[in-house]
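> Quick one, target.txt (compact mmCIF, C-alpha atoms):
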```
# COMPACT_ATOMS: atom_id res chain seq x y z
CA MET Y 179 0.00 0.00 0.00
CA THR Y 180 1.92 3.05 -1.22
CA PHE Y 181 1.22 6.74 -0.53
CA ASP Y 182 -0.89 7.09 -3.69
CA ALA Y 183 -2.36 3.56 -3.64
CA LEU Y 184 -5.89 4.80 -2.88
CA ASP Y 185 -7.58 7.71 -4.60
CA ALA Y 186 -9.33 8.89 -1.43
CA TRP Y 187 -8.73 12.22 0.35
CA TRP Y 188 -8.21 10.47 3.70
CA TRP Y 189 -5.66 7.87 2.58
CA PRO Y 190 -2.56 10.16 2.71
CA TYR Y 191 -3.60 11.17 6.26
CA VAL Y 192 -3.91 7.52 7.31
CA PHE Y 193 -0.48 6.92 5.76
CA ILE Y 194 1.01 9.87 7.68
CA LEU Y 195 -0.70 8.75 10.92
CA VAL Y 196 0.54 5.16 10.71
CA ALA Y 197 3.99 5.65 9.15
CA GLY Y 198 4.63 9.05 10.79
CA TRP Y 199 2.76 9.60 14.04
CA LEU Y 200 2.54 5.99 15.29
CA ALA Y 201 6.16 5.29 14.32
CA THR Y 202 7.47 8.29 16.31
CA ASP Y 203 5.13 8.78 19.28
CA SER Y 204 5.39 5.06 20.19
CA TRP Y 205 9.03 5.72 21.05
CA ARG Y 206 8.19 8.84 23.05
CA PHE Y 207 5.47 6.96 24.97
CA LEU Y 208 7.85 4.06 25.57
CA GLY Y 209 10.31 6.60 26.98
CA VAL Y 210 7.68 7.86 29.46
CA TYR Y 211 6.75 4.27 30.35
CA LEU Y 212 10.33 3.18 30.95
CA GLY Y 213 10.99 6.34 32.97
CA GLY Y 214 14.23 5.99 34.89
CA ARG Y 215 14.43 2.22 34.43
CA ILE Y 216 16.70 2.19 31.36
CA SER Y 217 20.38 3.10 31.33
CA GLU Y 218 21.61 5.61 28.75
CA GLU Y 219 24.90 3.69 28.70
CA SER Y 220 23.54 0.21 28.03
CA ASP Y 221 25.04 -1.55 24.99
CA ALA Y 222 21.63 -2.33 23.50
CA LEU Y 223 20.94 1.41 23.30
CA VAL Y 224 24.36 2.01 21.71
CA PHE Y 225 23.50 -0.50 18.96
CA VAL Y 226 20.05 1.02 18.42
CA ARG Y 227 21.56 4.52 18.24
CA CYS Y 228 24.15 3.32 15.69
CA VAL Y 229 21.45 1.87 13.43
CA ALA Y 230 19.35 5.03 13.73
CA THR Y 231 22.33 7.28 13.01
CA ALA Y 232 23.43 5.30 9.92
CA LEU Y 233 19.86 5.37 8.63
CA VAL Y 234 19.49 9.14 8.98
CA ALA Y 235 22.96 9.58 7.42
CA ALA Y 236 21.78 7.54 4.42
CA VAL Y 237 18.82 9.90 4.02
CA ILE Y 238 21.18 12.91 4.17
CA ALA Y 239 23.57 11.43 1.60
CA ASN Y 240 20.74 10.65 -0.81
CA LEU Y 241 19.31 14.17 -0.47
CA ILE Y 242 22.71 15.40 -1.68
CA VAL Y 243 23.64 12.68 -4.19
CA ASN Y 244 20.16 11.97 -5.64
CA PRO Y 245 18.17 15.16 -5.00
CA ASN Y 246 14.71 16.10 -6.26
CA GLY Y 247 13.44 19.36 -7.61
CA PRO Y 248 15.57 22.37 -8.56
CA LEU Y 249 18.65 21.07 -6.73
CA ALA Y 250 18.79 18.24 -9.29
CA ASP Y 251 19.80 20.81 -11.93
CA THR Y 252 23.14 21.41 -10.20
CA THR Y 253 26.10 19.08 -10.71
CA LEU Y 254 26.90 16.28 -8.26
CA GLU Y 255 30.43 17.68 -7.84
CA LEU Y 256 29.12 21.11 -6.76
CA ARG Y 257 26.67 19.64 -4.22
CA VAL Y 258 29.22 17.29 -2.65
CA PHE Y 259 31.93 20.00 -2.70
CA SER Y 260 29.75 22.62 -0.99
CA ALA Y 261 28.62 20.09 1.66
CA ILE Y 262 32.24 19.08 2.40
CA VAL Y 263 33.47 22.70 2.58
CA GLY Y 264 30.52 23.62 4.82
CA PHE Y 265 31.10 20.62 7.07
CA CYS Y 266 34.83 21.42 7.41
CA ALA Y 267 33.97 25.04 8.29
CA PHE Y 268 31.51 23.71 10.88
CA LEU Y 269 34.24 21.53 12.46
CA TRP Y 270 36.82 24.30 12.27
CA PHE Y 271 34.67 27.03 13.90
CA GLY Y 272 33.77 25.22 17.10
CA LYS Y 273 31.07 22.91 15.69
CA ARG Y 274 28.56 25.68 15.11
CA VAL Y 275 25.63 24.43 13.02
CA LEU Y 276 24.85 27.93 11.67
CA VAL Y 277 28.42 28.25 10.29
CA GLY Y 278 28.04 24.94 8.43
CA ILE Y 279 24.71 25.96 6.93
CA PHE Y 280 25.94 29.43 5.91
CA VAL Y 281 29.19 28.27 4.27
CA THR Y 282 27.51 25.41 2.40
CA GLU Y 283 24.84 27.72 1.00
CA ALA Y 284 27.40 30.39 0.06
CA VAL Y 285 29.55 27.88 -1.87
CA LEU Y 286 26.51 26.33 -3.54
CA ILE Y 287 25.04 29.67 -4.65
CA ALA Y 288 28.44 30.94 -5.85
CA GLY Y 289 28.90 27.73 -7.83
CA MET Y 290 25.47 28.01 -9.42
CA ILE Y 291 26.09 31.64 -10.40
CA LEU Y 292 29.49 30.74 -11.94
CA ALA Y 293 28.00 27.77 -13.80
CA SER Y 294 25.24 29.91 -15.29
CA GLY Y 295 27.84 32.33 -16.65
CA TRP Y 296 26.62 35.42 -14.81
CA ALA Y 297 30.04 36.13 -13.39
CA MET U 274 14.95 39.23 44.67
CA PRO U 275 12.48 36.35 44.45
CA SER U 276 9.88 36.71 41.73
CA PRO U 277 6.21 36.32 42.70
CA ALA U 278 6.23 32.93 40.97
CA ASP U 279 8.99 31.64 43.25
CA SER U 280 7.00 32.48 46.37
CA HIS U 281 4.10 30.48 44.96
CA SER U 282 6.22 27.50 44.00
CA ASP U 283 5.57 25.52 47.16
CA ALA U 284 1.89 26.39 47.43
CA PRO U 285 -0.24 23.21 47.66
CA ASP U 286 -2.21 23.81 44.48
CA PRO U 287 -0.69 26.27 42.03
CA ASP U 288 -3.38 28.47 40.56
CA PHE U 289 -4.14 28.70 36.90
CA SER U 290 -2.77 32.20 36.32
CA THR U 291 0.66 31.28 37.74
CA ARG U 292 0.73 28.20 35.52
CA LEU U 293 -0.17 30.42 32.58
CA LYS U 294 2.68 32.77 33.44
CA TRP U 295 5.19 29.90 33.36
CA PHE U 296 3.66 28.63 30.13
CA ALA U 297 4.29 32.09 28.64
CA ARG U 298 7.87 32.07 29.96
CA GLY U 299 8.33 28.72 28.21
CA CYS U 300 7.10 30.27 24.96
CA ARG U 301 9.66 33.04 25.37
CA ALA U 302 12.47 30.55 26.16
CA ALA U 303 11.68 28.77 22.89
CA MET U 304 12.57 31.87 20.83
CA SER U 305 16.32 31.17 20.68
CA VAL U 306 19.22 30.38 18.35
CA PRO U 307 18.39 26.64 18.17
CA ALA U 308 14.83 27.65 17.21
CA LEU U 309 16.20 29.86 14.43
CA ILE U 310 18.24 26.95 13.06
CA LEU U 311 15.22 24.66 13.33
CA ALA U 312 13.03 27.19 11.51
CA SER U 313 15.55 27.48 8.67
CA SER U 314 15.61 23.72 8.23
CA PHE U 315 11.79 23.64 8.22
CA VAL U 316 12.02 26.06 5.29
CA GLY U 317 13.96 23.35 3.45
CA PHE U 318 11.52 20.69 4.63
CA ALA U 319 8.49 22.55 3.23
CA ALA U 320 10.20 22.81 -0.16
CA LEU U 321 10.97 19.07 -0.04
CA ALA U 322 7.37 18.13 0.83
CA LEU U 323 6.07 20.33 -2.00
CA GLU U 324 8.38 18.65 -4.50
CA ALA U 325 7.45 15.16 -3.25
CA GLY U 326 3.78 15.88 -4.02
CA PHE U 327 2.36 16.42 -0.53
CA THR U 328 -0.49 18.97 -0.38
CA LEU U 329 -0.31 22.06 1.84
CA ALA U 330 -2.75 20.53 4.37
CA GLN U 331 -0.87 17.21 4.46
CA THR U 332 2.46 18.99 4.99
CA VAL U 333 1.17 21.14 7.87
CA PHE U 334 -0.60 18.10 9.39
CA MET U 335 2.62 16.09 9.18
CA THR U 336 4.59 18.91 10.84
CA GLY U 337 2.32 18.92 13.90
CA ILE U 338 1.61 15.21 14.25
CA VAL U 339 5.11 13.76 13.63
CA TRP U 340 7.14 16.78 14.80
CA ALA U 341 10.64 15.19 14.78
CA LEU U 342 12.29 16.46 11.59
CA PRO U 343 14.47 13.39 10.74
CA ALA U 344 11.34 11.21 10.98
CA LYS U 345 9.48 13.45 8.53
CA VAL U 346 12.38 13.53 6.08
CA VAL U 347 12.60 9.71 6.20
CA LEU U 348 8.81 9.54 5.70
CA ILE U 349 9.04 11.73 2.59
CA GLY U 350 12.05 9.69 1.40
CA ALA U 351 10.02 6.49 1.74
CA VAL U 352 7.10 8.01 -0.19
CA LEU U 353 9.46 9.23 -2.94
CA ALA U 354 11.01 5.74 -3.15
CA GLY U 355 7.50 4.26 -3.53
CA ASN U 356 7.71 2.22 -0.31
CA GLY U 357 4.52 0.70 1.12
CA ILE U 358 2.95 1.87 4.39
CA ALA U 359 4.58 -0.96 6.42
CA GLY U 360 8.05 -0.34 4.96
CA ALA U 361 7.68 3.41 5.49
CA ALA U 362 6.54 2.92 9.11
CA PHE U 363 9.48 0.60 9.77
CA ALA U 364 12.02 3.04 8.33
CA VAL U 365 10.51 5.98 10.26
CA ALA U 366 10.39 3.93 13.48
CA LEU U 367 14.07 2.96 13.06
CA SER U 368 15.03 6.59 12.52
CA SER U 369 13.15 7.65 15.67
CA VAL U 370 14.45 5.18 18.25
CA ARG U 371 16.50 7.99 19.75
CA LEU U 372 13.30 9.67 20.97
CA ALA U 373 12.81 7.01 23.68
CA PRO U 374 16.16 7.58 25.47
CA MET U 375 15.72 11.35 25.04
CA VAL U 376 12.39 11.18 26.90
CA VAL U 377 13.95 8.93 29.55
CA VAL U 378 16.63 11.57 30.18
CA LEU U 379 14.20 14.49 30.39
CA LEU U 380 11.51 12.80 32.51
CA PRO U 381 13.04 12.98 36.01
CA GLU U 382 13.64 16.74 35.58
CA LEU U 383 10.20 17.39 34.11
CA ARG U 384 8.11 15.55 36.68
CA GLY U 385 6.81 17.45 39.70
CA PRO U 386 5.57 15.89 42.95
CA ARG U 387 1.94 15.81 41.77
CA THR U 388 2.36 15.53 37.99
CA ARG U 389 -0.24 13.23 36.45
CA THR U 390 1.04 10.54 34.09
CA TRP U 391 -1.21 11.56 31.17
CA VAL U 392 0.36 15.04 31.23
CA LEU U 393 3.78 13.44 30.73
CA TYR U 394 2.51 11.34 27.82
CA LEU U 395 1.03 14.47 26.26
CA LEU U 396 4.20 16.55 26.75
CA SER U 397 6.44 13.76 25.41
CA HIS U 398 5.04 14.51 21.94
CA PHE U 399 7.04 17.77 21.96
CA VAL U 400 10.34 15.92 22.46
CA ALA U 401 12.63 16.43 19.46
CA VAL U 402 16.19 17.71 19.33
CA THR U 403 15.50 21.47 19.67
CA SER U 404 13.00 21.54 22.57
CA TRP U 405 15.03 18.84 24.33
CA VAL U 406 18.23 20.89 24.12
CA ILE U 407 16.43 24.03 25.38
CA ALA U 408 14.83 22.06 28.24
CA LEU U 409 18.02 20.35 29.43
CA GLU U 410 19.72 23.75 29.42
CA GLN U 411 17.10 25.80 31.28
CA ILE U 412 14.56 23.63 33.11
CA ARG U 413 16.54 23.55 36.35
CA HIS U 414 15.87 27.28 36.73
CA VAL U 415 12.11 26.63 36.68
CA PRO U 416 10.37 25.79 39.99
CA ARG U 417 9.44 22.11 39.95
CA GLU U 418 5.71 22.80 40.32
CA PHE U 419 5.65 24.68 37.05
CA ARG U 420 8.04 22.68 34.90
CA THR U 421 5.28 20.87 32.99
CA SER U 422 3.58 24.23 32.23
CA TRP U 423 6.91 25.72 31.16
CA TYR U 424 7.82 22.80 28.87
CA GLY U 425 4.30 22.88 27.44
CA GLY U 426 5.00 26.49 26.47
CA VAL U 427 8.38 25.65 24.93
CA GLY U 428 7.05 22.68 22.94
CA SER U 429 3.74 24.05 21.73
CA SER U 430 5.16 27.40 20.62
CA LEU U 431 7.89 25.64 18.61
CA VAL U 432 5.32 23.35 16.96
CA VAL U 433 2.88 26.15 16.11
CA LEU U 434 5.64 28.49 14.88
CA ASN U 435 7.03 25.85 12.52
CA MET U 436 3.56 24.84 11.26
CA ILE U 437 3.10 28.51 10.25
CA ILE U 438 6.58 28.64 8.64
CA VAL U 439 5.89 25.43 6.70
CA ALA U 440 2.56 26.79 5.42
CA LEU U 441 4.10 30.12 4.34
CA VAL U 442 7.10 28.55 2.62
CA TYR U 443 4.88 25.97 0.88
CA MET U 444 2.82 28.80 -0.62
CA LEU U 445 5.84 30.94 -1.56
CA ALA U 446 8.16 28.17 -2.81
CA GLN U 447 6.13 27.63 -5.98
CA ASN U 448 7.07 31.08 -7.27
CA LEU U 449 10.72 31.28 -6.25
CA PRO U 450 13.58 31.59 -8.76
CA PRO U 451 15.39 28.25 -9.27
CA LEU U 452 18.59 29.53 -7.65
CA ILE U 453 16.79 30.25 -4.37
CA SER U 454 14.77 27.04 -4.33
CA ALA U 455 17.87 24.95 -5.06
CA ALA U 456 19.54 26.65 -2.09
CA LEU U 457 16.46 25.88 0.07
CA PHE U 458 16.73 22.19 -0.81
CA MET U 459 20.29 22.12 0.49
CA LEU U 460 19.20 23.39 3.95
CA THR U 461 17.81 20.08 5.22
CA PRO U 462 20.80 17.85 4.42
CA ILE U 463 23.40 20.30 5.75
CA TYR U 464 21.38 20.97 8.92
CA PHE U 465 21.21 17.23 9.63
CA LEU U 466 24.80 16.62 8.63
CA THR U 467 26.03 19.10 11.25
CA SER U 468 23.46 18.58 14.03
CA LEU U 469 23.70 14.78 13.80
CA TRP U 470 27.47 15.07 14.27
CA VAL U 471 26.97 17.24 17.38
CA SER U 472 24.33 14.97 18.90
CA ALA U 473 26.42 11.76 18.68
CA ARG U 474 26.95 10.36 22.19
CA GLU U 475 29.94 8.14 21.52
CA ARG U 476 32.64 7.70 18.88
CA ALA U 477 30.59 4.90 17.33
CA GLY U 478 27.94 7.48 16.46
CA HIS U 479 30.42 9.30 14.21
CA VAL U 480 31.50 5.98 12.66
CA ALA U 481 27.83 5.09 12.00
CA MET U 482 27.28 8.49 10.41
CA VAL U 483 30.26 8.24 8.02
CA LEU U 484 29.28 4.66 7.07
CA GLY U 485 25.68 5.76 6.47
CA LEU U 486 26.82 8.64 4.25
CA LEU U 487 28.95 6.28 2.11
CA LEU U 488 26.65 3.24 2.06
CA GLY U 489 23.41 5.20 1.52
CA PRO U 490 24.02 6.21 -2.11
CA LEU U 491 25.64 2.81 -2.82
CA PHE U 492 22.62 0.83 -1.56
CA TYR U 493 20.34 3.30 -3.36
CA VAL U 494 21.74 1.81 -6.57
CA LEU U 495 22.21 -1.80 -5.38
CA VAL U 496 18.97 -2.42 -3.43
CA PRO U 497 16.62 0.47 -4.27
CA ASP U 498 13.65 -1.02 -2.40
CA PHE U 499 15.34 -1.42 0.98
CA SER U 500 18.18 1.10 0.71
CA LEU U 501 17.39 2.88 4.01
CA LEU U 502 16.91 -0.28 6.06
CA ALA U 503 19.96 -1.96 4.53
CA THR U 504 22.19 1.04 5.23
CA GLY U 505 20.87 1.35 8.79
CA LEU U 506 21.44 -2.31 9.60
CA VAL U 507 24.82 -2.78 7.87
CA GLY U 508 26.28 0.61 8.86
CA GLY U 509 24.81 0.39 12.37
CA LEU U 510 26.14 -3.13 12.97
CA LEU U 511 29.66 -2.21 11.76
CA ALA U 512 29.67 0.91 13.97
CA TYR U 513 28.47 -1.16 16.93
CA LEU U 514 31.28 -3.71 16.34
CA PHE U 515 33.70 -0.76 16.35
CA HIS U 516 32.20 0.28 19.70
CA VAL U 517 32.59 -3.22 21.19
CA VAL U 518 36.18 -3.63 19.94
CA THR U 519 37.38 -0.21 21.17
CA LYS U 520 35.67 -0.73 24.53
CA ARG U 521 37.35 -4.11 24.95
CA ARG U 522 40.72 -2.64 23.98
CA LYS U 523 40.25 0.12 26.54
CA ALA U 524 39.38 -2.46 29.23
CA THR U 525 42.53 -4.56 28.70
```
Take the structure in the file and give it back as structure tokens.


Amino acid sequence: MTFDALDAWWWPYVFILVAGWLATDSWRFLGVYLGGRISEESDALVFVRCVATALVAAVIANLIVNPNGPLADTTLELRVFSAIVGFCAFLWFGKRVLVGIFVTEAVLIAGMILASGWA
Amino acid sequence: MPSPADSHSDAPDPDFSTRLKWFARGCRAAMSVPALILASSFVGFAALALEAGFTLAQTVFMTGIVWALPAKVVLIGAVLAGNGIAGAAFAVALSSVRLAPMVVVLLPELRGPRTRTWVLYLLSHFVAVTSWVIALEQIRHVPREFRTSWYGGVGSSLVVLNMIIVALVYMLAQNLPPLISAALFMLTPIYFLTSLWVSARERAGHVAMVLGLLLGPLFYVLVPDFSLLATGLVGGLLAYLFHVVTKRRKAT
């Protein structure tokens, strides 16, 4: 059953409720239920965090490598280059997220302007 | 000088207006630098949802009901990849496991002596990186009686603010020049790239992240139907093995 499997107005909302709300709030409710009974340091949680981190990283990488929409008109090299430069700037300037965002966007926009021959 | 609220903090039954005052203080605490970063990444998210074919109402609904941004981006990724509802739910659930330990950490500080359990379940919906960071930073300055009211203010104002931002951007993004919209699409990945790095608890988290970045596009080509799950399991397992090996080496 995919997102556009049914041609009914309510189906996308059911999809969002099941795959979005249920899949996130279950964890939050489990957190309340477990309260102080679970150790942040336990190895099971380390494994679960590793899986979750790798999964979100895969989403990030695909947003850069295989993007949709207007970003798809830029070259792969420019997208990867601006992300790497931005990430290095982020590491260099005390791990400030805003620095990473700003530098990445600046490199990307400069690259797009150069590629379009405006400069 | 103690504020009027402090003198009320050990009253047996805090009255409604004092609760309201702390709720408002929570709203004000939410307007911060992390909130600005969050808002800018929601700008990127709205553009992504628009491109993926979600309607305005669906996008705003998703913002309020799911709330955690990585979960929503995975959800949109699963829809774009044509995954079924079960596969999408599984991928989103895997990406959101971190919410449980985050709630576990916040709970002892949030709970007052007479806090009802249903209030905690309700407030837990607001737990996502930004409100969690704000709460862990500031909640100890809030009298225990009013912490639930305060966190309710922090969480609900962040949710409502970003639902408005998402709606505005969704409506504007259709008419933006391609240069600007391309730049908007880059906001989400770079926000996650940097904030995920900061939020990693142990070295293995950084290893998992690098593996995920490399394996993600590879599995996208090799196993298009299960690319997210495959990357999570393979990258996560390798990072966990790294964790076990380094821990053992440290112990000996």

> Just give me the gap between CA of Phe296 in chain U and CA of Thr421 in chain U in Å, one decimal is fine.

8.4 Å

> Name the closest residue to Leu249 in chain Y among the candidates Y:Phe181, Y:Leu286, Y:Leu200, Y:Thr231; distances are taken between atoms, counting only C-alpha atoms.

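For Leu249 in chain Y, the nearest of the given residues is Y:Leu286.
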
> Got a sec to check which residues sit within 10 Å of (5.8, 20.4, 22.9), counting only C-alpha atoms, and write them as JSON, numbers by chain?

{"U": [337, 340, 395, 396, 397, 398, 399, 400, 401, 404, 405, 423, 424, 425, 426, 427, 428, 429, 430, 431, 432, 433]}

> Can you list every residue of chain Y that has an atom at most 7 Å from chain U, with its nearest atom pair and the distance in Å to one decimal, using all atoms listed in the file, ordered by chain then number, as JSON lines?


```
{"residue": "Y:Met179", "atom": "CA", "partner": "U:Gly357", "partner_atom": "CA", "distance": 4.7}
{"residue": "Y:Thr180", "atom": "CA", "partner": "U:Gly357", "partner_atom": "CA", "distance": 4.2}
{"residue": "Y:Phe181", "atom": "CA", "partner": "U:Val352", "partner_atom": "CA", "distance": 6.0}
{"residue": "Y:Tyr191", "atom": "CA", "partner": "U:Gln331", "partner_atom": "CA", "distance": 6.9}
{"residue": "Y:Phe193", "atom": "CA", "partner": "U:Ile358", "partner_atom": "CA", "distance": 6.3}
{"residue": "Y:Ile194", "atom": "CA", "partner": "U:Met335", "partner_atom": "CA", "distance": 6.6}
{"residue": "Y:Val196", "atom": "CA", "partner": "U:Ala362", "partner_atom": "CA", "distance": 6.6}
{"residue": "Y:Ala197", "atom": "CA", "partner": "U:Ala362", "partner_atom": "CA", "distance": 3.7}
{"residue": "Y:Gly198", "atom": "CA", "partner": "U:Val339", "partner_atom": "CA", "distance": 5.5}
{"residue": "Y:Trp199", "atom": "CA", "partner": "U:Val339", "partner_atom": "CA", "distance": 4.8}
{"residue": "Y:Ala201", "atom": "CA", "partner": "U:Ala366", "partner_atom": "CA", "distance": 4.5}
{"residue": "Y:Thr202", "atom": "CA", "partner": "U:Ser369", "partner_atom": "CA", "distance": 5.8}
{"residue": "Y:Asp203", "atom": "CA", "partner": "U:His398", "partner_atom": "CA", "distance": 6.3}
{"residue": "Y:Trp205", "atom": "CA", "partner": "U:Ala373", "partner_atom": "CA", "distance": 4.8}
{"residue": "Y:Arg206", "atom": "CA", "partner": "U:Ala373", "partner_atom": "CA", "distance": 5.0}
{"residue": "Y:Phe207", "atom": "CA", "partner": "U:Tyr394", "partner_atom": "CA", "distance": 6.0}
{"residue": "Y:Leu208", "atom": "CA", "partner": "U:Ala373", "partner_atom": "CA", "distance": 6.1}
{"residue": "Y:Gly209", "atom": "CA", "partner": "U:Ala373", "partner_atom": "CA", "distance": 4.2}
{"residue": "Y:Val210", "atom": "CA", "partner": "U:Val376", "partner_atom": "CA", "distance": 6.3}
{"residue": "Y:Leu212", "atom": "CA", "partner": "U:Val377", "partner_atom": "CA", "distance": 6.9}
{"residue": "Y:Gly213", "atom": "CA", "partner": "U:Val377", "partner_atom": "CA", "distance": 5.2}
{"residue": "Y:Gly214", "atom": "CA", "partner": "U:Val377", "partner_atom": "CA", "distance": 6.1}
{"residue": "Y:Glu218", "atom": "CA", "partner": "U:Pro374", "partner_atom": "CA", "distance": 6.7}
{"residue": "Y:Phe225", "atom": "CA", "partner": "U:Tyr513", "partner_atom": "CA", "distance": 5.4}
{"residue": "Y:Val226", "atom": "CA", "partner": "U:Val370", "partner_atom": "CA", "distance": 7.0}
{"residue": "Y:Arg227", "atom": "CA", "partner": "U:Arg371", "partner_atom": "CA", "distance": 6.3}
{"residue": "Y:Cys228", "atom": "CA", "partner": "U:Gly509", "partner_atom": "CA", "distance": 4.5}
{"residue": "Y:Val229", "atom": "CA", "partner": "U:Gly509", "partner_atom": "CA", "distance": 3.8}
{"residue": "Y:Ala230", "atom": "CA", "partner": "U:Ser368", "partner_atom": "CA", "distance": 4.7}
{"residue": "Y:Thr231", "atom": "CA", "partner": "U:Met482", "partner_atom": "CA", "distance": 5.7}
{"residue": "Y:Ala232", "atom": "CA", "partner": "U:Gly485", "partner_atom": "CA", "distance": 4.1}
{"residue": "Y:Leu233", "atom": "CA", "partner": "U:Gly505", "partner_atom": "CA", "distance": 4.1}
{"residue": "Y:Val234", "atom": "CA", "partner": "U:Ser368", "partner_atom": "CA", "distance": 6.2}
{"residue": "Y:Ala235", "atom": "CA", "partner": "U:Gly485", "partner_atom": "CA", "distance": 4.8}
{"residue": "Y:Ala236", "atom": "CA", "partner": "U:Gly489", "partner_atom": "CA", "distance": 4.1}
{"residue": "Y:Val237", "atom": "CA", "partner": "U:Val347", "partner_atom": "CA", "distance": 6.6}
{"residue": "Y:Ile238", "atom": "CA", "partner": "U:Pro462", "partner_atom": "CA", "distance": 5.0}
{"residue": "Y:Ala239", "atom": "CA", "partner": "U:Leu486", "partner_atom": "CA", "distance": 5.0}
{"residue": "Y:Asn240", "atom": "CA", "partner": "U:Pro490", "partner_atom": "CA", "distance": 5.7}
{"residue": "Y:Leu241", "atom": "CA", "partner": "U:Pro462", "partner_atom": "CA", "distance": 6.3}
{"residue": "Y:Ile242", "atom": "CA", "partner": "U:Pro462", "partner_atom": "CA", "distance": 6.8}
{"residue": "Y:Val243", "atom": "CA", "partner": "U:Pro490", "partner_atom": "CA", "distance": 6.8}
{"residue": "Y:Gly247", "atom": "CA", "partner": "U:Glu324", "partner_atom": "CA", "distance": 6.0}
{"residue": "Y:Pro248", "atom": "CA", "partner": "U:Ala455", "partner_atom": "CA", "distance": 4.9}
{"residue": "Y:Leu249", "atom": "CA", "partner": "U:Ala455", "partner_atom": "CA", "distance": 4.3}
{"residue": "Y:Ala261", "atom": "CA", "partner": "U:Ile463", "partner_atom": "CA", "distance": 6.6}
{"residue": "Y:Phe265", "atom": "CA", "partner": "U:Thr467", "partner_atom": "CA", "distance": 6.7}
{"residue": "Y:Val275", "atom": "CA", "partner": "U:Thr467", "partner_atom": "CA", "distance": 5.6}
{"residue": "Y:Leu276", "atom": "CA", "partner": "U:Ile310", "partner_atom": "CA", "distance": 6.8}
{"residue": "Y:Gly278", "atom": "CA", "partner": "U:Thr467", "partner_atom": "CA", "distance": 6.8}
{"residue": "Y:Ile279", "atom": "CA", "partner": "U:Ile463", "partner_atom": "CA", "distance": 5.9}
{"residue": "Y:Glu283", "atom": "CA", "partner": "U:Ala456", "partner_atom": "CA", "distance": 6.2}
{"residue": "Y:Ile287", "atom": "CA", "partner": "U:Ala456", "partner_atom": "CA", "distance": 6.8}
```

> Between U:Tyr443, U:Phe289, U:Trp295, U:Phe419, which one has atoms that come closest to Phe315 in chain U, using all atoms listed in the file?

U:Tyr443

> Interatomic distance between CA of Thr388 in chain U and CA of Leu223 in chain Y?

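Distance between the two atoms: 27.6 Å.
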
> Please indicate the distance in Å from CA of Pro190 in chain Y to CA of Ala322 in chain U, rounded to one decimal place.

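Separation between CA of Pro190 in chain Y and CA of Ala322 in chain U: 12.9 Å.
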
> Rank nothing, just name the residue among Y:Gly289, Y:Ala222, Y:Thr282, Y:Val258 nearest to Pro245 in chain Y, using all atoms listed in the file.

Y:Val258

> Please, what is the axis-aligned box for every listed atom of range 186-204 of chain Y with 5 Å on each side, as centre and edge lengths in Å to one decimal, as AutoDock Vina command-line options?


```
--center_x -0.9 --center_y 8.6 --center_z 9.4 --size_x 26.8 --size_y 17.2 --size_z 31.6
```
